[in-house]
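Undergrad: Below is query-v2.cif; it holds mmCIF, C-alpha atoms.
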```
data_final
#
loop_
_atom_site.label_atom_id
_atom_site.label_comp_id
_atom_site.auth_asym_id
_atom_site.auth_seq_id
_atom_site.Cartn_x
_atom_site.Cartn_y
_atom_site.Cartn_z
CA MET U 123 0.00 0.00 0.00
CA ILE U 124 1.42 3.38 -1.03
CA VAL U 125 0.01 6.65 0.34
CA SER U 126 0.70 9.86 -1.53
CA TYR U 127 -0.08 13.45 -0.61
CA THR U 128 -0.13 15.78 -3.62
CA TYR U 129 -1.39 19.36 -3.34
CA ASN U 130 -3.40 18.46 -0.25
CA HIS U 131 -4.88 15.50 -2.10
CA LEU U 132 -4.77 12.13 -0.39
CA SER U 133 -4.73 8.96 -2.46
CA VAL U 134 -3.75 5.37 -1.77
CA LEU U 135 -2.39 2.79 -4.19
CA PHE U 136 -3.63 -0.55 -2.90
CA SER U 137 -3.25 -3.82 -4.80
CA GLY U 138 -2.90 -1.97 -8.09
CA TRP U 139 -5.98 0.23 -7.52
CA LYS U 140 -5.70 3.93 -6.85
CA VAL U 141 -8.20 4.96 -4.18
CA ASP U 142 -8.96 8.66 -3.87
CA LEU U 143 -9.58 9.04 -0.13
CA ASP U 144 -10.84 12.60 -0.63
CA ARG U 145 -13.77 11.07 -2.55
CA SER U 146 -14.19 7.98 -0.32
CA PHE U 147 -17.51 8.10 1.53
CA GLY U 148 -16.32 5.86 4.39
CA PHE U 149 -13.06 7.73 4.86
CA LEU U 150 -14.75 11.15 4.81
CA VAL U 151 -17.58 10.16 7.17
CA ASN U 152 -15.11 8.72 9.68
CA ASP U 153 -12.73 11.66 9.39
CA VAL U 154 -15.55 14.19 9.78
CA ALA U 155 -16.73 12.28 12.88
CA ARG U 156 -13.19 12.30 14.30
CA LEU U 157 -12.75 16.04 13.75
CA PHE U 158 -16.28 16.80 14.99
CA GLY U 159 -15.54 14.83 18.17
CA ARG U 160 -12.32 16.72 18.82
CA ARG U 161 -14.05 20.06 18.34
CA PHE U 162 -16.93 18.93 20.58
CA ASP U 163 -14.36 18.16 23.28
CA GLN U 164 -12.89 21.66 22.95
CA HIS U 165 -16.32 23.31 23.20
CA GLY U 166 -17.34 20.97 26.04
CA ARG U 167 -14.29 21.89 28.11
CA GLY U 168 -15.15 25.56 27.61
CA ARG U 169 -18.69 24.93 28.84
CA ARG U 170 -17.44 22.79 31.76
CA LEU U 171 -19.84 19.94 31.11
CA GLY U 172 -18.07 17.75 33.66
CA LEU U 173 -18.52 14.73 31.39
CA THR U 174 -16.23 13.04 28.92
CA ARG U 175 -17.25 12.77 25.28
CA ALA U 176 -17.80 9.03 25.85
CA GLN U 177 -20.17 9.81 28.74
CA CYS U 178 -22.01 12.43 26.66
CA ARG U 179 -22.35 9.89 23.87
CA THR U 180 -23.64 7.27 26.30
CA LEU U 181 -26.25 9.69 27.66
CA GLY U 182 -27.28 10.66 24.13
CA TYR U 183 -27.76 7.07 23.00
CA LEU U 184 -29.52 6.18 26.23
CA ALA U 185 -31.89 9.14 25.84
CA ARG U 186 -32.95 7.66 22.48
CA ASN U 187 -33.06 4.06 23.75
CA GLU U 188 -34.13 4.14 27.40
CA GLY U 189 -34.78 0.69 28.81
CA ILE U 190 -32.06 -0.94 26.72
CA ASN U 191 -29.77 -3.46 28.40
CA GLN U 192 -26.01 -3.04 28.72
CA ALA U 193 -25.19 -5.45 25.90
CA GLY U 194 -27.50 -3.59 23.51
CA LEU U 195 -26.06 -0.21 24.51
CA ALA U 196 -22.51 -1.52 24.10
CA ASP U 197 -23.44 -2.67 20.59
CA LEU U 198 -24.88 0.76 19.71
CA LEU U 199 -21.78 2.49 21.06
CA GLU U 200 -19.54 -0.11 19.41
CA ILE U 201 -17.49 -0.72 22.53
CA ARG U 202 -16.76 -3.89 24.47
CA PRO U 203 -19.44 -4.74 27.06
CA MET U 204 -16.88 -4.89 29.89
CA THR U 205 -15.63 -1.40 29.00
CA LEU U 206 -19.20 -0.11 29.11
CA VAL U 207 -19.91 -1.84 32.45
CA ARG U 208 -17.09 0.14 34.10
CA GLN U 209 -18.34 3.37 32.52
CA ILE U 210 -21.95 2.66 33.57
CA ASP U 211 -20.76 1.88 37.11
CA ARG U 212 -19.04 5.29 37.30
CA MET U 213 -22.02 7.09 35.76
CA GLU U 214 -24.43 5.32 38.11
CA ASP U 215 -22.25 6.27 41.10
CA SER U 216 -22.34 9.89 39.87
CA GLY U 217 -26.13 9.81 39.56
CA TRP U 218 -26.43 10.08 35.74
CA ILE U 219 -27.81 6.61 35.01
CA GLU U 220 -29.84 4.05 36.93
CA ARG U 221 -30.19 0.33 36.46
CA ARG U 222 -33.66 -1.16 36.90
CA PRO U 223 -34.69 -4.81 36.96
CA ASP U 224 -35.82 -6.29 33.66
CA PRO U 225 -39.44 -7.44 34.13
CA THR U 226 -38.89 -10.39 31.79
CA ASP U 227 -35.50 -11.56 33.11
CA ARG U 228 -34.70 -11.16 36.79
CA ARG U 229 -30.96 -11.56 36.13
CA ALA U 230 -30.87 -8.65 33.69
CA ARG U 231 -30.95 -4.89 34.26
CA ARG U 232 -32.28 -2.14 32.03
CA LEU U 233 -30.70 1.32 31.80
CA TYR U 234 -32.48 4.64 32.32
CA LEU U 235 -31.52 8.28 32.66
CA THR U 236 -31.95 9.87 36.07
CA THR U 237 -33.65 13.19 36.72
CA LYS U 238 -30.16 14.64 37.25
CA ALA U 239 -29.16 13.62 33.71
CA ARG U 240 -32.07 15.26 31.89
CA PRO U 241 -30.96 18.92 32.33
CA ILE U 242 -27.38 18.11 31.24
CA LEU U 243 -28.77 16.81 27.95
CA GLY U 244 -29.68 20.39 27.10
CA ARG U 245 -26.13 21.55 27.73
CA ILE U 246 -24.74 18.65 25.69
CA TRP U 247 -27.20 19.54 22.92
CA ASN U 248 -26.01 23.17 23.00
CA VAL U 249 -22.37 22.11 22.67
CA ALA U 250 -23.31 19.76 19.82
CA ASN U 251 -25.27 22.56 18.08
CA GLU U 252 -22.38 24.99 18.44
CA THR U 253 -20.00 22.39 16.99
CA ARG U 254 -22.43 21.55 14.17
CA ASP U 255 -22.95 25.20 13.27
CA GLU U 256 -19.20 25.69 13.09
CA ALA U 257 -18.77 22.54 10.97
CA LEU U 258 -21.47 23.62 8.50
CA THR U 259 -20.43 27.26 8.28
CA ARG U 260 -19.32 26.92 4.61
CA LEU U 261 -22.69 25.48 3.56
CA SER U 262 -25.81 27.45 2.80
CA PRO U 263 -28.86 26.61 4.95
CA HIS U 264 -30.31 24.69 1.99
CA GLU U 265 -27.08 22.71 1.52
CA ALA U 266 -26.94 21.91 5.24
CA GLU U 267 -30.55 20.63 5.17
CA GLN U 268 -29.81 18.62 2.04
CA LEU U 269 -26.72 17.07 3.66
CA ILE U 270 -28.73 16.02 6.74
CA ASP U 271 -31.52 14.60 4.57
CA LEU U 272 -29.04 12.59 2.49
CA LEU U 273 -27.33 11.25 5.62
CA HIS U 274 -30.77 10.23 6.99
CA ARG U 275 -31.33 8.19 3.82
CA VAL U 276 -27.92 6.52 4.06
CA HIS U 277 -28.57 5.82 7.76
CA ALA U 278 -31.95 4.27 6.97
CA THR U 279 -30.46 2.05 4.28
CA LEU U 280 -27.70 0.78 6.54
CA SER U 281 -30.05 0.38 9.52
CA GLU U 282 -32.22 -1.96 7.45
CA ARG U 283 -29.22 -4.12 6.62
CA VAL U 284 -27.44 -4.29 9.99
CA PRO U 285 -29.20 -6.79 12.27
CA ALA U 286 -29.93 -5.83 15.86
CA PRO U 287 -28.38 -7.94 18.62
CA ASP U 288 -30.52 -10.86 19.77
CA GLY U 289 -33.47 -9.70 21.83
CA GLU U 290 -32.85 -6.01 21.25
CA ILE U 291 -34.99 -3.44 19.51
CA PRO U 292 -33.13 -1.83 16.57
CA ALA U 293 -31.78 1.65 17.26
CA ALA U 294 -34.16 4.43 16.41
CA PRO U 295 -33.06 6.57 13.47
CA PRO U 296 -31.92 10.07 14.38
CA ARG U 297 -34.87 12.40 14.84
CA ARG U 298 -35.08 16.07 14.26
CA PRO U 299 -35.98 17.73 17.54
CA THR U 300 -39.60 18.65 18.11
CA ARG U 301 -40.45 21.84 19.97
CA ALA U 302 -41.14 19.78 23.09
CA SER U 303 -37.84 17.88 22.92
CA ALA U 304 -35.94 21.12 22.25
CA ALA U 305 -37.63 22.67 25.29
CA LEU U 306 -36.70 19.62 27.35
CA ALA U 307 -33.10 19.86 26.15
CA GLN U 308 -33.03 23.47 27.35
CA GLY U 309 -34.58 22.50 30.68
CA ARG U 310 -37.87 24.29 29.99
CA ALA U 311 -40.17 21.26 29.85
CA GLU U 312 -40.87 18.18 31.89
CA PRO U 313 -39.61 14.85 30.49
CA LEU U 314 -43.13 13.48 30.09
CA VAL U 315 -44.04 16.31 27.72
CA ALA U 316 -41.21 15.34 25.39
CA GLU U 317 -42.03 11.65 25.70
CA ALA U 318 -45.63 12.28 24.70
CA SER U 319 -44.56 14.14 21.57
CA ARG U 320 -42.59 11.21 20.14
#
```
Take the structure in this file and express it as structure tokens.
TA:
Amino acid sequence: MIVSYTYNHLSVLFSGWKVDLDRSFGFLVNDVARLFGRRFDQHGRGRRLGLTRAQCRTLGYLARNEGINQAGLADLLEIRPMTLVRQIDRMEDSGWIERRPDPTDRRARRLYLTTKARPILGRIWNVANETRDEALTRLSPHEAEQLIDLLHRVHATLSERVPAPDGEIPAAPPRRPTRASAALAQGRAEPLVAEASR
């Protein structure tokens, strides 16, 4: 494999094929996610969230999938279950997450956000919005909407083809915030209001 950088253009010669990484969907999506994550960390430190990016991500996925078990959440986060168990233990000790018994399996536990976690979601959302706005600054509002719509379609296609872990409900596709969920994120509404609007 040969990697060449020419005039800020990245290409790879692999098994006789030249791959233009600047035009590679997978490479670009992953690199955008990496850069977005780094910038989120910088904004988050400035806002003193008091949570790591991994913890913010866990809260975000759990907010969309409350009642999921640890194995299902680990699969969504694409981390090893034992790594997540340690993180969940710390977050439970800090009062962000609670484990509740599974009504269908007394050995299992389901994960839920605590009332302490709900207001921080608004602050996380604000940091994410600030980072998103910065990332999309070179796009017109129409182009930004079009990009999100296209990514929704790609997400839906892949979601249909990637099986959910045994016994788990497939992850919900990303939703655009409703007025009620936006109010909840900003701490202006009760959780039940946002739940009813879904």
Undergrad: Restricting the calculation to all atoms listed in the file: of U:Ser146, U:Thr180, U:Thr237, U:Thr279, which residue gets closest to U:Ile210?
TA: U:Thr180
Undergrad: Identify all residues satisfying the PyMOL selection byres ((chain U and resi 181-187) around 8) in the given file; provide them as an mmCIF file with C-alpha atoms, keeping the file's coordinate frame.
TA:
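Dumped everything to expr_33.cif:
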```cif
data_model
loop_
_atom_site.group_PDB
_atom_site.id
_atom_site.type_symbol
_atom_site.label_atom_id
_atom_site.label_comp_id
_atom_site.auth_asym_id
_atom_site.auth_seq_id
_atom_site.Cartn_x
_atom_site.Cartn_y
_atom_site.Cartn_z
ATOM 1 C CA GLN U 177 -20.170 9.810 28.740
ATOM 2 C CA CYS U 178 -22.010 12.430 26.660
ATOM 3 C CA ARG U 179 -22.350 9.890 23.870
ATOM 4 C CA THR U 180 -23.640 7.270 26.300
ATOM 5 C CA GLU U 188 -34.130 4.140 27.400
ATOM 6 C CA GLY U 189 -34.780 0.690 28.810
ATOM 7 C CA ILE U 190 -32.060 -0.940 26.720
ATOM 8 C CA LEU U 195 -26.060 -0.210 24.510
ATOM 9 C CA LEU U 198 -24.880 0.760 19.710
ATOM 10 C CA LEU U 199 -21.780 2.490 21.060
ATOM 11 C CA LEU U 233 -30.700 1.320 31.800
ATOM 12 C CA TYR U 234 -32.480 4.640 32.320
ATOM 13 C CA LEU U 235 -31.520 8.280 32.660
ATOM 14 C CA ALA U 239 -29.160 13.620 33.710
ATOM 15 C CA LEU U 243 -28.770 16.810 27.950
ATOM 16 C CA ALA U 293 -31.780 1.650 17.260
ATOM 17 C CA ALA U 294 -34.160 4.430 16.410
#
```
Undergrad: Work out how far apart atom CA of U:Phe147 and atom CA of U:Glu265 are and give it in Å to one decimal.
TA: 17.5 Å
Undergrad: Please expand the PyMOL selection byres ((chain U and resi 256) around 12) into the concrete residues it hits in this file, giving the result as a PyMOL selection string.
TA: chain U and resi 157-158+161-162+165+249-255+257-261+266
Undergrad: Could you state the separation of atom CA of U:Arg231 and atom CA of U:Ala193 in Å, given to one decimal place?
TA: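 These atoms are spaced 10.2 Å apart.
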Undergrad: Just how far from atom CA of U:Ser281 is atom CA of U:Arg232, in Å to one decimal?
TA: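 So the answer is 22.8 Å.
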Undergrad: Show me, as a PyMOL selection string, the residues that have an atom within 10 Å of U:Ala196 when counting all atoms listed in the file, minus same-chain residues fewer than 5 positions from it.
TA: chain U and resi 180+190-191+201-207
Undergrad: U:Trp218, U:Pro241, U:Arg212, U:Asp197: which is nearest U:Val284, counting all atoms listed in the file?
TA: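 Under the stated criterion, the closest residue is U:Asp197.
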Undergrad: Which residue is closest to U:Ile242? Choose from U:Arg156, U:Arg222, U:His264, U:Arg169 and count only C-alpha atoms.
TA: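 Distance minimum relative to U:Ile242 lands on U:Arg169.
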Undergrad: Which residue, U:Asp144, U:Asp227, U:Gln192, U:Val276, has the smallest gap to U:Asp211 when you use only C-alpha atoms?
TA: U:Gln192
Undergrad: I need stretch 173-203 of chain U written out with N, CA and C atoms, as a compact mmCIF listing (two decimals), in the first residue's frame; please produce it.
TA:
```txt
# COMPACT_ATOMS: atom_id res chain seq x y z
N LEU U 173 -18.36 16.08 31.94
CA LEU U 173 -18.52 14.73 31.39
C LEU U 173 -17.53 14.55 30.25
N THR U 174 -17.06 13.34 30.08
CA THR U 174 -16.23 13.04 28.92
C THR U 174 -17.11 12.93 27.69
N ARG U 175 -16.49 12.95 26.52
CA ARG U 175 -17.25 12.77 25.28
C ARG U 175 -17.92 11.40 25.29
N ALA U 176 -17.22 10.37 25.79
CA ALA U 176 -17.80 9.03 25.85
C ALA U 176 -19.04 9.02 26.74
N GLN U 177 -18.99 9.75 27.86
CA GLN U 177 -20.17 9.81 28.74
C GLN U 177 -21.30 10.58 28.08
N CYS U 178 -20.98 11.67 27.39
CA CYS U 178 -22.01 12.43 26.66
C CYS U 178 -22.66 11.54 25.61
N ARG U 179 -21.84 10.80 24.91
CA ARG U 179 -22.35 9.89 23.87
C ARG U 179 -23.25 8.82 24.48
N THR U 180 -22.83 8.28 25.62
CA THR U 180 -23.64 7.27 26.30
C THR U 180 -24.99 7.85 26.71
N LEU U 181 -24.99 9.06 27.28
CA LEU U 181 -26.25 9.69 27.66
C LEU U 181 -27.13 9.95 26.45
N GLY U 182 -26.52 10.39 25.35
CA GLY U 182 -27.28 10.66 24.13
C GLY U 182 -27.93 9.41 23.58
N TYR U 183 -27.18 8.32 23.50
CA TYR U 183 -27.76 7.07 23.00
C TYR U 183 -28.80 6.53 23.97
N LEU U 184 -28.55 6.68 25.25
CA LEU U 184 -29.52 6.18 26.23
C LEU U 184 -30.80 7.00 26.19
N ALA U 185 -30.68 8.30 25.95
CA ALA U 185 -31.89 9.14 25.84
C ALA U 185 -32.78 8.67 24.71
N ARG U 186 -32.18 8.15 23.63
CA ARG U 186 -32.95 7.66 22.48
C ARG U 186 -33.38 6.22 22.65
N ASN U 187 -32.80 5.50 23.62
CA ASN U 187 -33.06 4.06 23.75
C ASN U 187 -33.23 3.66 25.22
N GLU U 188 -33.97 4.47 25.99
CA GLU U 188 -34.13 4.14 27.40
C GLU U 188 -34.77 2.76 27.56
N GLY U 189 -34.29 2.04 28.56
CA GLY U 189 -34.78 0.69 28.81
C GLY U 189 -33.96 -0.38 28.13
N ILE U 190 -32.93 0.02 27.40
CA ILE U 190 -32.06 -0.94 26.72
C ILE U 190 -31.18 -1.63 27.77
N ASN U 191 -30.70 -2.82 27.47
CA ASN U 191 -29.77 -3.46 28.40
C ASN U 191 -28.34 -3.08 28.05
N GLN U 192 -27.40 -3.46 28.91
CA GLN U 192 -26.01 -3.04 28.72
C GLN U 192 -25.41 -3.60 27.44
N ALA U 193 -25.74 -4.85 27.12
CA ALA U 193 -25.19 -5.45 25.90
C ALA U 193 -25.67 -4.70 24.66
N GLY U 194 -26.95 -4.33 24.64
CA GLY U 194 -27.50 -3.59 23.51
C GLY U 194 -26.88 -2.21 23.39
N LEU U 195 -26.67 -1.54 24.53
CA LEU U 195 -26.06 -0.21 24.51
C LEU U 195 -24.60 -0.31 24.06
N ALA U 196 -23.90 -1.33 24.53
CA ALA U 196 -22.51 -1.52 24.10
C ALA U 196 -22.44 -1.72 22.59
N ASP U 197 -23.41 -2.45 22.04
CA ASP U 197 -23.44 -2.67 20.59
C ASP U 197 -23.68 -1.35 19.85
N LEU U 198 -24.61 -0.54 20.34
CA LEU U 198 -24.88 0.76 19.71
C LEU U 198 -23.65 1.67 19.75
N LEU U 199 -22.96 1.64 20.89
CA LEU U 199 -21.78 2.49 21.06
C LEU U 199 -20.53 1.90 20.42
N GLU U 200 -20.65 0.63 20.00
CA GLU U 200 -19.54 -0.11 19.41
C GLU U 200 -18.32 -0.14 20.32
N ILE U 201 -18.58 -0.50 21.58
CA ILE U 201 -17.49 -0.72 22.53
C ILE U 201 -17.71 -2.06 23.21
N ARG U 202 -16.66 -2.59 23.80
CA ARG U 202 -16.76 -3.89 24.47
C ARG U 202 -17.68 -3.78 25.68
N PRO U 203 -18.53 -4.79 25.92
CA PRO U 203 -19.44 -4.74 27.06
C PRO U 203 -18.75 -4.48 28.39
```
